[in-house]
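Asks: Before I ask anything, here is the structure I am working with.
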Amino acid sequence: MPDLSFRVLGSGAAADPRGMFLRISIANQQPSEAILGVCLRCQIRIEAARRRYSPAEQSRLSDLFGEPERWGQTLRPLLWAHVVANVRPFTGSIEIDLPVPRLLDPHDGARRYLDALQDGAAELTLLFSGTVFYETPGGRLQVAPIPWSSEARYAFPLPVWRAAA
């Protein structure tokens, strides 16, 4: 049975209206097993508590999280997006571009958060799930779920956000 691991290799602004992408490496810990395809789902969360903030950023984020003295209680993850991707057949590992949508609503919490940051990176957690289609050594088609415990972390560079926003 496949045992997939995920890693974010990088990110960039897409040339089309999708917005941005995250370059993801998917590796099967059973490298000789043929993966026939993956229906991949990913929840992208901004981990606001994993970053330090300048006084100017703190001021701009007060409408989201309240006064900085309360951030120990109010600084929580923000949902950025739920995205899906179909992954083509592979053996061993594969790299894909996972589309990340533009946040067009100026009232969206994730957009307000990203717009408030001056420099550096936004800390992300990607939670993966979905379905893996694979072939056993005997040639039988099998289907297995990707558990929600499959995740990756990534420091998303703010210049990519600004280039795509």
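By convention here, the chains of the structure tokens are called A, B, ... in the order presented, each chain's residues are numbered starting at 1, and ligands are numbered starting at 1 in the order presented.
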Which polymer residues have any atom within 10 Å of an atom of Ala81 (chain A), counting only C-alpha atoms, with same-chain residues fewer than 6 positions away left out, as a list in words?

Replies: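 Result of the neighbour search: Cys42, Gln43, Ile44, Arg45, Ile46, Val100, Pro101, Arg102, Leu103, Ala110 and Leu126 of chain A.
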
Asks: Could you save the residues just selected, with N, CA and C atoms, as a PDB file, in the first residue's frame?

Replies:
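Contents of result14.pdb, freshly written:
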```
ATOM      1  N   CYS A  42      -6.123  19.445  -0.676  1.00  0.00           N
ATOM      2  CA  CYS A  42      -5.193  20.111   0.228  1.00  0.00           C
ATOM      3  C   CYS A  42      -5.868  21.308   0.877  1.00  0.00           C
ATOM      4  N   GLN A  43      -5.776  21.374   2.193  1.00  0.00           N
ATOM      5  CA  GLN A  43      -6.215  22.545   2.937  1.00  0.00           C
ATOM      6  C   GLN A  43      -4.963  23.356   3.257  1.00  0.00           C
ATOM      7  N   ILE A  44      -4.984  24.640   2.890  1.00  0.00           N
ATOM      8  CA  ILE A  44      -3.838  25.518   3.140  1.00  0.00           C
ATOM      9  C   ILE A  44      -4.222  26.470   4.262  1.00  0.00           C
ATOM     10  N   ARG A  45      -3.449  26.412   5.346  1.00  0.00           N
ATOM     11  CA  ARG A  45      -3.698  27.271   6.505  1.00  0.00           C
ATOM     12  C   ARG A  45      -2.500  28.167   6.756  1.00  0.00           C
ATOM     13  N   ILE A  46      -2.785  29.396   7.148  1.00  0.00           N
ATOM     14  CA  ILE A  46      -1.747  30.333   7.570  1.00  0.00           C
ATOM     15  C   ILE A  46      -1.586  30.176   9.076  1.00  0.00           C
ATOM     16  N   VAL A 100      -2.810  27.793  -6.177  1.00  0.00           N
ATOM     17  CA  VAL A 100      -3.286  28.499  -4.986  1.00  0.00           C
ATOM     18  C   VAL A 100      -4.089  29.698  -5.489  1.00  0.00           C
ATOM     19  N   PRO A 101      -5.367  29.775  -5.160  1.00  0.00           N
ATOM     20  CA  PRO A 101      -6.190  30.837  -5.741  1.00  0.00           C
ATOM     21  C   PRO A 101      -5.852  32.222  -5.201  1.00  0.00           C
ATOM     22  N   ARG A 102      -6.128  33.203  -6.036  1.00  0.00           N
ATOM     23  CA  ARG A 102      -6.034  34.599  -5.604  1.00  0.00           C
ATOM     24  C   ARG A 102      -7.136  34.845  -4.576  1.00  0.00           C
ATOM     25  N   LEU A 103      -6.870  35.686  -3.645  1.00  0.00           N
ATOM     26  CA  LEU A 103      -7.874  36.095  -2.669  1.00  0.00           C
ATOM     27  C   LEU A 103      -8.384  37.457  -3.093  1.00  0.00           C
ATOM     28  N   ALA A 110      -7.666  35.900   5.392  1.00  0.00           N
ATOM     29  CA  ALA A 110      -6.333  35.514   4.918  1.00  0.00           C
ATOM     30  C   ALA A 110      -5.725  36.632   4.068  1.00  0.00           C
ATOM     31  N   LEU A 126       0.150  22.824   5.149  1.00  0.00           N
ATOM     32  CA  LEU A 126      -0.669  22.204   4.117  1.00  0.00           C
ATOM     33  C   LEU A 126      -1.091  20.835   4.625  1.00  0.00           C
TER      34      LEU A 126
END
```

Asks: Quick one: residues within 7 Å of Gln29 (chain A), only C-alpha atoms, excluding same-chain residues fewer than 2 positions away - as a ChimeraX atom specification?

Replies: /A:2-4,27,31

Asks: Pick the closest to Leu124 (chain A) from A:Leu104, A:Ala152, A:Ala14, A:Ala144: which is it, counting only C-alpha atoms?

Replies: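 Under the stated criterion, the closest residue is A:Ala152.
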
Asks: Give the answer as one residue: which of A:Asp97, A:Glu135, A:Asp108, A:Glu47 has the shortest atom-to-atom distance to Leu64 (chain A), using only C-alpha atoms?

Replies: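 Of the candidates, the smallest distance to Leu64 (chain A) is held by A:Asp108.
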
Asks: Provide the CA of Asn28 (chain A) to CA of Ala13 (chain A) distance in Å, to one decimal place.

Replies: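 Distance between the two atoms: 27.6 Å.
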
Asks: Looking at A:Arg52, A:Asp115, A:Ser59, A:Phe156, which one is nearest to Arg23 (chain A), with distances taken over only C-alpha atoms?

Replies: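 The closest residue to Arg23 (chain A) is A:Phe156.
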
Asks: Just want the 6 Å neighbourhood of Ser25 (chain A), counted on only C-alpha atoms, with same-chain residues fewer than 6 positions away dropped. Output as a CSV table (one decimal) with C-alpha atoms, in the first residue's frame.

Replies:
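The resulting file, part32.csv, is reproduced below:
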```csv
chain,number,residue,atom,x,y,z
A,6,PHE,CA,4.7,15.6,0.8
A,7,ARG,CA,7.2,18.5,0.8
A,94,ILE,CA,6.8,13.3,-8.7
A,95,GLU,CA,6.7,17.1,-8.6
```
